[in-house]
$ cat upload19.cif   # mmCIF, C-alpha atoms
data_structure
loop_
_atom_site.label_atom_id
_atom_site.label_comp_id
_atom_site.auth_asym_id
_atom_site.auth_seq_id
_atom_site.Cartn_x
_atom_site.Cartn_y
_atom_site.Cartn_z
CA MET A 1 40.37 15.40 4.42
CA ASN A 2 42.86 12.77 3.31
CA ASN A 3 42.51 9.06 3.83
CA SER A 4 45.51 8.60 6.14
CA MET A 5 44.11 8.28 9.63
CA ASN A 6 45.83 9.88 12.58
CA GLU A 7 46.42 7.90 15.77
CA LYS A 8 43.32 9.17 17.62
CA GLN A 9 41.03 8.62 14.65
CA LEU A 10 42.30 5.05 14.35
CA GLU A 11 41.72 4.50 18.09
CA ALA A 12 38.11 5.69 17.75
CA ILE A 13 37.37 3.68 14.60
CA ASN A 14 38.85 0.42 15.90
CA GLY A 15 37.76 0.96 19.51
CA ASP A 16 36.79 -1.89 21.81
CA ASN A 17 33.15 -2.87 22.30
CA ILE A 18 32.66 -0.48 25.20
CA PRO A 19 30.69 2.80 25.33
CA LEU A 20 32.80 5.20 23.26
CA LEU A 21 32.57 8.97 23.72
CA ILE A 22 34.35 10.72 20.84
CA VAL A 23 34.98 14.43 21.40
CA ALA A 24 35.62 15.70 17.88
CA GLY A 25 36.94 19.24 17.58
CA ALA A 26 35.93 21.36 14.58
CA GLY A 27 37.44 20.08 11.32
CA SER A 28 38.86 16.95 12.96
CA GLY A 29 37.12 14.48 10.62
CA LYS A 30 34.02 13.67 12.67
CA THR A 31 31.93 12.35 9.76
CA TYR A 32 34.93 10.42 8.44
CA VAL A 33 35.43 8.70 11.81
CA LEU A 34 31.75 7.84 12.23
CA THR A 35 31.60 6.44 8.69
CA GLN A 36 34.74 4.40 9.16
CA ARG A 37 33.37 3.06 12.45
CA VAL A 38 30.30 1.73 10.62
CA LEU A 39 32.55 0.11 8.01
CA PHE A 40 34.63 -1.43 10.81
CA LEU A 41 31.47 -2.89 12.40
CA ILE A 42 30.41 -4.45 9.10
CA LYS A 43 33.78 -5.67 7.83
CA ASN A 44 35.60 -6.59 11.04
CA LEU A 45 32.84 -7.40 13.54
CA LYS A 46 30.52 -8.87 10.87
CA ILE A 47 27.48 -6.89 12.04
CA ALA A 48 24.67 -6.82 9.47
CA SER A 49 23.78 -3.38 8.13
CA ASP A 50 20.15 -3.66 9.28
CA LYS A 51 21.38 -4.28 12.84
CA ILE A 52 23.15 -0.90 12.95
CA LEU A 53 21.21 2.16 14.12
CA ALA A 54 22.74 5.60 13.60
CA PHE A 55 21.07 8.83 14.73
CA THR A 56 22.06 11.97 12.82
CA PHE A 57 21.00 15.57 13.34
CA THR A 58 19.99 16.29 9.73
CA ASN A 59 18.85 14.32 6.68
CA LYS A 60 21.83 15.76 4.82
CA ALA A 61 24.24 14.20 7.34
CA ALA A 62 22.45 10.84 7.11
CA ASN A 63 22.67 10.86 3.30
CA GLU A 64 26.35 11.83 3.39
CA ILE A 65 27.18 8.94 5.73
CA LYS A 66 25.22 6.46 3.57
CA LYS A 67 26.92 7.78 0.43
CA ARG A 68 30.42 7.37 1.90
CA ILE A 69 29.66 3.84 3.10
CA THR A 70 28.26 2.70 -0.25
CA LEU A 71 31.38 4.01 -1.99
CA ALA A 72 33.33 1.50 0.10
CA ILE A 73 30.71 -1.27 0.03
CA PRO A 74 28.44 -0.97 -3.03
CA ASN A 75 24.83 -2.22 -3.00
CA ILE A 76 24.46 -2.08 0.77
CA TYR A 77 21.19 -0.80 2.24
CA PHE A 78 20.82 1.10 5.50
CA LYS A 79 17.26 1.38 6.79
CA TRP A 80 18.28 2.67 10.19
CA ILE A 81 20.58 5.61 9.50
CA GLY A 82 18.60 8.82 9.87
CA THR A 83 17.48 11.68 12.09
CA PHE A 84 15.86 11.06 15.45
CA HIS A 85 12.56 12.13 13.89
CA SER A 86 12.79 9.79 10.89
CA ILE A 87 13.79 6.81 13.07
CA CYS A 88 11.00 7.51 15.56
CA LEU A 89 8.49 7.83 12.70
CA LYS A 90 9.35 4.26 11.62
CA ILE A 91 8.97 2.98 15.18
CA LEU A 92 5.58 4.68 15.54
CA ARG A 93 4.32 3.31 12.20
CA GLU A 94 4.86 -0.12 13.73
CA ASP A 95 3.83 0.46 17.34
CA SER A 96 1.74 3.60 17.88
CA HIS A 97 -1.16 1.34 18.90
CA ILE A 98 0.66 0.83 22.21
CA ILE A 99 -0.34 4.39 23.17
CA GLY A 100 -3.83 4.04 21.71
CA ARG A 101 -3.11 5.78 18.40
CA PRO A 102 -3.82 4.11 15.02
CA ASN A 103 -0.70 3.45 12.95
CA ASN A 104 -2.14 5.39 9.98
CA PHE A 105 -1.62 8.76 11.70
CA LEU A 106 -0.81 11.85 9.62
CA LEU A 107 2.44 13.74 10.20
CA ILE A 108 1.92 17.51 10.03
CA ASP A 109 4.42 20.24 9.20
CA GLU A 110 4.84 23.83 10.38
CA ASP A 111 2.30 25.20 7.89
CA ASP A 112 -0.29 22.74 9.22
CA GLN A 113 0.57 23.72 12.80
CA THR A 114 0.14 27.41 11.96
CA SER A 115 -3.28 26.72 10.42
CA ILE A 116 -4.38 24.85 13.55
CA ILE A 117 -3.30 27.70 15.85
CA LYS A 118 -5.10 30.18 13.56
CA GLU A 119 -8.28 28.12 13.89
CA ILE A 120 -7.91 28.02 17.69
CA TYR A 121 -7.45 31.81 17.75
CA LEU A 122 -10.62 32.22 15.69
CA THR A 123 -12.88 29.82 17.58
CA SER A 124 -11.60 30.91 21.03
CA GLU A 125 -11.62 34.62 20.10
CA LEU A 126 -7.97 35.15 21.09
CA SER A 127 -6.29 38.48 20.35
CA ARG A 128 -3.39 38.64 17.90
CA ASP A 129 -2.48 42.01 19.42
CA THR A 130 -1.67 40.21 22.66
CA LEU A 131 0.40 37.52 20.96
CA SER A 132 1.01 36.72 17.29
CA ILE A 133 0.12 33.34 15.75
CA LYS A 134 3.79 32.65 15.05
CA LYS A 135 4.88 33.46 18.60
CA ALA A 136 2.07 31.37 20.07
CA LEU A 137 3.13 28.33 18.03
CA ASP A 138 6.76 28.89 19.04
CA ILE A 139 5.86 28.96 22.75
CA VAL A 140 3.57 25.91 22.47
CA SER A 141 6.45 24.01 20.79
CA ARG A 142 8.87 25.08 23.53
CA LEU A 143 6.46 23.94 26.24
CA LYS A 144 6.20 20.54 24.52
CA ALA A 145 9.98 20.29 24.18
CA LYS A 146 10.38 20.93 27.91
CA ASN A 147 7.51 18.57 28.87
CA ILE A 148 5.57 21.42 30.48
CA THR A 149 1.89 20.43 30.42
CA SER A 150 0.10 21.45 33.63
CA LYS A 151 -1.55 24.88 33.87
CA ASP A 152 0.54 25.87 36.91
CA ASP A 153 3.80 24.90 35.22
CA ILE A 154 2.82 26.82 32.08
CA ILE A 155 2.15 29.93 34.18
CA ASP A 156 5.53 29.54 35.92
CA TYR A 157 7.24 29.30 32.52
CA LEU A 158 5.42 32.37 31.22
CA SER A 159 6.28 34.31 34.36
CA GLU A 160 9.94 33.34 34.04
CA HIS A 161 10.00 34.61 30.42
CA SER A 162 7.95 37.80 31.03
CA LEU A 163 4.99 36.48 29.02
CA LEU A 164 2.20 36.58 31.61
CA ASN A 165 0.30 39.12 29.53
CA ALA A 166 -0.25 36.31 26.98
CA LYS A 167 -1.31 33.76 29.62
CA LYS A 168 -4.82 33.19 28.22
CA ASN A 169 -3.60 32.75 24.64
CA ILE A 170 -0.94 30.21 25.57
CA ILE A 171 -3.01 28.14 28.00
CA VAL A 172 -5.90 27.89 25.51
CA CYS A 173 -3.59 27.16 22.55
CA ALA A 174 -1.58 24.49 24.41
CA GLU A 175 -4.74 22.69 25.58
CA GLU A 176 -6.75 22.96 22.35
CA TYR A 177 -3.77 22.16 20.10
CA THR A 178 -3.07 18.90 21.95
CA LYS A 179 -6.77 17.97 21.88
CA TYR A 180 -7.04 18.75 18.16
CA LEU A 181 -4.07 16.54 17.25
CA ILE A 182 -5.44 13.57 19.18
CA GLU A 183 -8.94 13.93 17.70
CA LYS A 184 -7.61 14.10 14.13
CA ASN A 185 -4.89 11.45 14.70
CA TYR A 186 -2.16 13.95 13.78
CA PHE A 187 1.42 13.94 15.01
CA ASP A 188 3.78 16.91 14.80
CA PHE A 189 7.56 16.48 14.81
CA ASP A 190 7.84 16.94 18.59
CA ASP A 191 5.28 14.14 19.08
CA LEU A 192 7.45 11.61 17.23
CA ILE A 193 10.17 11.53 19.86
CA LYS A 194 7.89 12.00 22.86
CA ASN A 195 5.55 9.18 21.86
CA VAL A 196 8.38 6.70 21.24
CA ASN A 197 9.59 7.48 24.76
CA GLU A 198 6.07 6.86 26.03
CA ILE A 199 5.88 3.50 24.21
CA PHE A 200 9.21 2.37 25.64
CA LYS A 201 8.19 3.53 29.11
CA ARG A 202 4.75 1.90 28.95
CA ASP A 203 5.42 -1.48 27.31
CA LYS A 204 8.41 -3.58 28.32
CA ASP A 205 7.89 -6.22 25.63
CA THR A 206 7.89 -3.60 22.87
CA LEU A 207 11.04 -2.03 24.32
CA GLU A 208 12.77 -5.42 24.39
CA LYS A 209 11.75 -6.02 20.78
CA TRP A 210 13.42 -2.80 19.64
CA ARG A 211 16.50 -3.37 21.81
CA ALA A 212 16.95 -6.79 20.20
CA ARG A 213 16.53 -5.21 16.76
CA PHE A 214 19.92 -3.44 16.92
CA ASP A 215 23.39 -4.75 17.70
CA TYR A 216 25.09 -1.35 17.58
CA ILE A 217 23.98 2.27 18.01
CA LEU A 218 25.83 5.42 16.91
CA VAL A 219 24.96 9.08 17.50
CA ASP A 220 26.23 12.03 15.45
CA GLU A 221 26.33 15.65 16.77
CA PHE A 222 25.84 14.33 20.30
CA GLN A 223 26.20 17.83 21.78
CA ASP A 224 22.86 18.86 20.23
CA THR A 225 20.95 15.90 21.69
CA ASN A 226 18.11 16.95 24.00
CA ASP A 227 16.79 15.06 27.03
CA ASP A 228 13.99 13.29 25.12
CA GLN A 229 16.41 12.10 22.44
CA PHE A 230 18.94 10.93 25.02
CA SER A 231 16.14 9.07 26.78
CA ILE A 232 15.55 6.99 23.64
CA ILE A 233 19.28 6.24 23.42
CA LYS A 234 19.29 5.10 27.05
CA TYR A 235 16.23 2.89 26.57
CA LEU A 236 17.85 1.11 23.62
CA THR A 237 21.32 0.69 25.15
CA LYS A 238 20.61 0.09 28.85
CA ASP A 239 23.15 -2.32 30.40
CA ARG A 240 24.80 -2.79 27.00
CA LYS A 241 28.13 -1.68 25.56
CA ASN A 242 27.00 -1.04 21.98
CA ILE A 243 27.05 2.77 21.97
CA PHE A 244 29.31 5.17 20.03
CA VAL A 245 28.66 8.91 20.22
CA VAL A 246 30.49 11.73 18.42
CA GLY A 247 30.25 15.42 19.21
CA ASP A 248 31.86 18.51 20.69
CA PRO A 249 30.45 20.46 23.67
CA ASP A 250 32.20 23.58 22.31
CA GLN A 251 29.99 23.42 19.21
CA MET A 252 26.62 23.17 20.95
CA ILE A 253 24.25 25.70 19.32
CA TYR A 254 20.80 24.26 19.97
CA SER A 255 20.21 24.95 23.69
CA TRP A 256 17.11 26.89 22.59
CA ARG A 257 15.77 23.62 21.18
CA GLY A 258 16.41 21.77 24.42
CA ALA A 259 20.00 20.61 23.87
CA ASN A 260 21.50 19.89 27.28
CA THR A 261 24.84 21.46 28.22
CA GLU A 262 25.43 18.57 30.67
CA ILE A 263 24.89 15.84 28.08
CA PHE A 264 28.56 14.73 28.09
CA SER A 265 28.76 14.45 31.88
CA ASN A 266 25.40 12.63 31.86
CA PHE A 267 26.82 10.14 29.35
CA ARG A 268 29.72 9.42 31.69
CA LYS A 269 27.29 8.75 34.56
CA ILE A 270 25.01 6.47 32.54
CA TYR A 271 27.91 4.50 31.02
CA PRO A 272 30.58 4.44 33.78
CA ASN A 273 32.80 2.01 31.85
CA TYR A 274 33.04 4.45 28.91
CA LYS A 275 36.20 5.44 27.06
CA MET A 276 36.68 9.03 25.89
CA ILE A 277 38.80 9.77 22.81
CA ILE A 278 39.56 13.39 21.88
CA LEU A 279 40.17 14.32 18.23
CA GLU A 280 42.30 17.49 18.15
CA GLN A 281 44.01 17.45 14.76
CA ASN A 282 42.22 19.88 12.44
CA TYR A 283 42.23 19.33 8.65
CA ARG A 284 40.25 22.42 7.63
CA SER A 285 41.99 25.55 8.92
CA SER A 286 45.34 27.26 9.23
CA GLN A 287 47.17 27.34 12.58
CA ASN A 288 46.63 31.09 12.98
CA ILE A 289 42.86 30.57 12.86
CA LEU A 290 43.09 27.68 15.32
CA ASP A 291 45.25 29.69 17.74
CA ILE A 292 42.60 32.40 17.93
CA SER A 293 39.83 29.81 18.26
CA ASN A 294 41.63 27.96 21.04
CA THR A 295 42.20 31.21 22.93
CA LEU A 296 38.53 32.20 22.73
CA ILE A 297 36.95 28.83 23.37
CA ARG A 298 38.97 27.99 26.46
CA ASN A 299 36.67 30.42 28.29
CA ASN A 300 33.66 28.13 27.77
CA LYS A 301 32.28 26.60 30.96
CA ASP A 302 31.88 22.85 31.56
CA ARG A 303 33.97 21.94 28.53
CA VAL A 304 36.14 18.94 27.70
CA GLU A 305 39.66 20.34 27.57
CA LYS A 306 41.28 20.11 24.13
CA TYR A 307 43.68 22.05 21.92
CA LEU A 308 43.14 22.06 18.16
CA TYR A 309 46.23 21.91 15.98
CA THR A 310 47.00 21.31 12.31
CA SER A 311 49.81 20.29 10.01
CA ASN A 312 48.59 22.96 7.54
CA LEU A 313 50.57 26.18 7.01
CA ALA A 314 50.26 28.95 9.59
CA GLY A 315 48.33 31.09 7.11
CA ASN A 316 47.69 34.83 7.20
CA LYS A 317 47.33 36.63 10.48
CA ILE A 318 43.80 37.48 11.59
CA ILE A 319 42.97 41.19 11.67
CA TYR A 320 40.47 42.36 14.26
CA TYR A 321 38.90 45.80 13.91
CA ASN A 322 36.69 47.09 16.74
CA ALA A 323 34.35 49.68 15.19
CA ASN A 324 32.57 52.21 17.37
CA SER A 325 29.55 52.48 15.05
CA SER A 326 27.92 50.70 12.12
CA ASP A 327 29.06 53.57 9.85
CA SER A 328 32.71 53.24 10.83
CA GLU A 329 32.46 49.46 10.43
CA SER A 330 30.95 49.75 6.93
CA LYS A 331 33.50 52.39 5.95
CA TRP A 332 36.38 50.18 7.11
CA ILE A 333 34.99 47.17 5.19
CA SER A 334 34.55 49.12 1.93
CA ASN A 335 38.04 50.65 2.25
CA LYS A 336 39.51 47.21 2.85
CA ILE A 337 37.80 45.81 -0.26
CA LEU A 338 39.09 48.69 -2.40
CA TYR A 339 42.61 48.06 -1.11
CA LEU A 340 42.37 44.31 -1.84
CA ASN A 341 41.09 45.03 -5.34
CA ASN A 342 43.29 48.00 -6.34
CA GLU A 343 46.55 47.17 -4.58
CA LEU A 344 46.58 43.37 -4.25
CA ARG A 345 44.55 42.67 -7.42
CA TYR A 346 41.94 40.43 -5.81
CA LYS A 347 38.72 40.12 -7.82
CA TYR A 348 35.55 41.36 -6.17
CA SER A 349 34.14 37.87 -6.74
CA ASP A 350 36.88 36.47 -4.48
CA ILE A 351 35.75 38.56 -1.49
CA ALA A 352 32.90 37.67 0.87
CA ILE A 353 31.24 39.58 3.70
CA LEU A 354 29.63 37.52 6.45
CA TYR A 355 27.05 39.01 8.81
CA ARG A 356 24.92 37.56 11.58
CA SER A 357 21.46 38.84 10.55
CA ASN A 358 20.05 40.22 7.32
CA TYR A 359 19.16 43.60 8.81
CA LEU A 360 22.89 44.27 9.32
CA SER A 361 23.58 44.23 5.58
CA ARG A 362 21.77 47.48 4.73
CA ASN A 363 24.41 49.85 6.11
CA ILE A 364 27.24 47.88 4.48
CA GLU A 365 25.44 47.84 1.13
CA GLN A 366 25.03 51.63 1.21
CA TYR A 367 28.78 52.13 1.68
CA LEU A 368 29.62 49.61 -1.07
CA PHE A 369 27.22 51.43 -3.40
CA ARG A 370 28.89 54.76 -2.66
CA ARG A 371 32.29 53.27 -3.53
CA ASN A 372 30.88 51.78 -6.70
#

$ encode --input "upload19.cif" --output "structure tokens"
Amino acid sequence: MNNSMNEKQLEAINGDNIPLLIVAGAGSGKTYVLTQRVLFLIKNLKIASDKILAFTFTNKAANEIKKRITLAIPNIYFKWIGTFHSICLKILREDSHIIGRPNNFLLIDEDDQTSIIKEIYLTSELSRDTLSIKKALDIVSRLKAKNITSKDDIIDYLSEHSLLNAKKNIIVCAEEYTKYLIEKNYFDFDDLIKNVNEIFKRDKDTLEKWRARFDYILVDEFQDTNDDQFSIIKYLTKDRKNIFVVGDPDQMIYSWRGANTEIFSNFRKIYPNYKMIILEQNYRSSQNILDISNTLIRNNKDRVEKYLYTSNLAGNKIIYYNANSSDSESKWISNKILYLNNELRYKYSDIAILYRSNYLSRNIEQYLFRRN
């Protein structure tokens, strides 16, 4: 996007020192606004870079924000811009002793987790026919994400998800997996966030130390924040005004990882003196695309009302074809590509086919092969 800020972007970037809730529609310059807000804090409010904490959803987003800031202010170092997991890892390296865990713990990845579950299956003589290793690990992770630990609550969860036939596997895996990690002084990625919450809950002095560490806190992709992550935000910002969150409830895609559809309304309850700013000008798409998007997305429940618009050209009209079978769909696609190539002289390399899952490509590929 260009460097000329629109009125709403400027309002968000230069906003008062009150809790700011930025609802950023798709293509509205969310990363640009968050980056410029950090620059505003440093240049205008004279906040030191190591006093700014910014939570991002991915390492890629964190690196992009750092890169953009250092282009404006060279040779500046940001220790505290990163994912929830990376920030919590740093906190635990300093203070895991509060929960009785040595600070030299080992962080394990998914391959390590799979190996542990395999070992539990072997030593406890659990059947893979009843439940696969991969599925068992997935369910154990979901139980941890939802803070489901007691045997009765696990059974209720399994009943709710039609998994009672795997009751023995899951109960044994959940119990033995937790025990194994504690014995070996291992943490998995879910443990990072949960244990920081436990430290803040258990030790007031440690909480106050970390609250004093930061003068300002920002959160990217706020719509994908789960309850445990929001709990950390609340601990660090309680009774303070130093919070700036950016996101869009219409773009929430991680409910299966615990993202909370009520996170925006919860923010408004926790920070009653908040100000909400809605970014609606889109810099990425044509108006025809936005018109269709606005029409579809207005049917979402519990949304913040907004209407995306752009100063870009209207663009081509969107064609929607409702196929009654995968064959008719593939035939239509291959015919369309031949028309674009033969009649309108588009190169094949200029045409892309998007599909939701890899198994859907087979039928399309067969028709493309037939048409050479």

$ residues_around --input "upload19.cif" --residues "Ile87 of chain A" --least-positions-apart "2" --cutoff "12 Å" --atoms "all atoms listed in the file" --output "PyMOL selection string"
chain A and resi 53-59+62+78-85+89-94+189+192-193+196+210+229+232-233

$ residues_around --input "upload19.cif" --residues "Ala174 of chain A" --least-positions-apart "2" --cutoff "9 Å" --atoms "all atoms listed in the file" --output "number ranges by chain"
A: 136-137, 139-141, 143-144, 149, 169-172, 176-179

$ resolve_selection --input "upload19.cif" --expression "the PyMOL selection byres ((chain A and resi 251) around 9)" --output "count of residues only"
11

$ atom_distance --input "upload19.cif" --atom1 "atom CA of Ile154 of chain A" --atom2 "atom CA of Asn266 of chain A"
26.7 Å

$ closest_residue --input "upload19.cif" --among "A:Leu122, A:Leu360, A:Ile353, A:Leu236" --to "Cys173 of chain A" --atoms "all atoms listed in the file"
A:Leu122

$ atom_distance --input "upload19.cif" --atom1 "atom CA of Asp138 of chain A" --atom2 "atom CA of Thr114 of chain A"
9.8 Å

$ resolve_selection --input "upload19.cif" --expression "the PyMOL selection byres ((chain A and resi 66) around 12)" --output "ChimeraX atom specification"
/A:31-32,34-36,38-39,49,54,56,59-65,67-82

$ atom_distance --input "upload19.cif" --atom1 "atom CA of Val304 of chain A" --atom2 "atom CA of Ala24 of chain A"
10.4 Å

$ closest_residue --input "upload19.cif" --among "A:Ser231, A:Asn17, A:Ser162, A:Asn358" --to "Asn197 of chain A" --atoms "all atoms listed in the file"
A:Ser231

$ residues_near_point --input "upload19.cif" --point "(28.9, 54.2, 0.5)" --cutoff "12 Å" --atoms "only C-alpha atoms" --output "number ranges by chain"
A: 327-335, 338, 362-372

$ resolve_selection --input "upload19.cif" --expression "the PyMOL selection byres ((chain A and resi 315) around 7)" --output "PyMOL selection string"
chain A and resi 286-288+313-314+316-317

$ residues_around --input "upload19.cif" --residues "Ile270 of chain A" --least-positions-apart "3" --cutoff "12 Å" --atoms "all atoms listed in the file" --output "list of chain:residue names"
A:Pro19, A:Leu21, A:Phe230, A:Ser231, A:Ile233, A:Lys234, A:Tyr235, A:Thr237, A:Lys238, A:Asp239, A:Arg240, A:Lys241, A:Ile243, A:Ile263, A:Phe264, A:Ser265, A:Asn266, A:Phe267, A:Asn273, A:Tyr274

$ closest_residue --input "upload19.cif" --among "A:Asn6, A:Arg213, A:Asn324, A:Asn242" --to "Asp50 of chain A" --atoms "only C-alpha atoms"
A:Arg213

$ closest_residue --input "upload19.cif" --among "A:Leu126, A:Val245, A:Ala12, A:Leu107" --to "Asp188 of chain A" --atoms "only C-alpha atoms"
A:Leu107
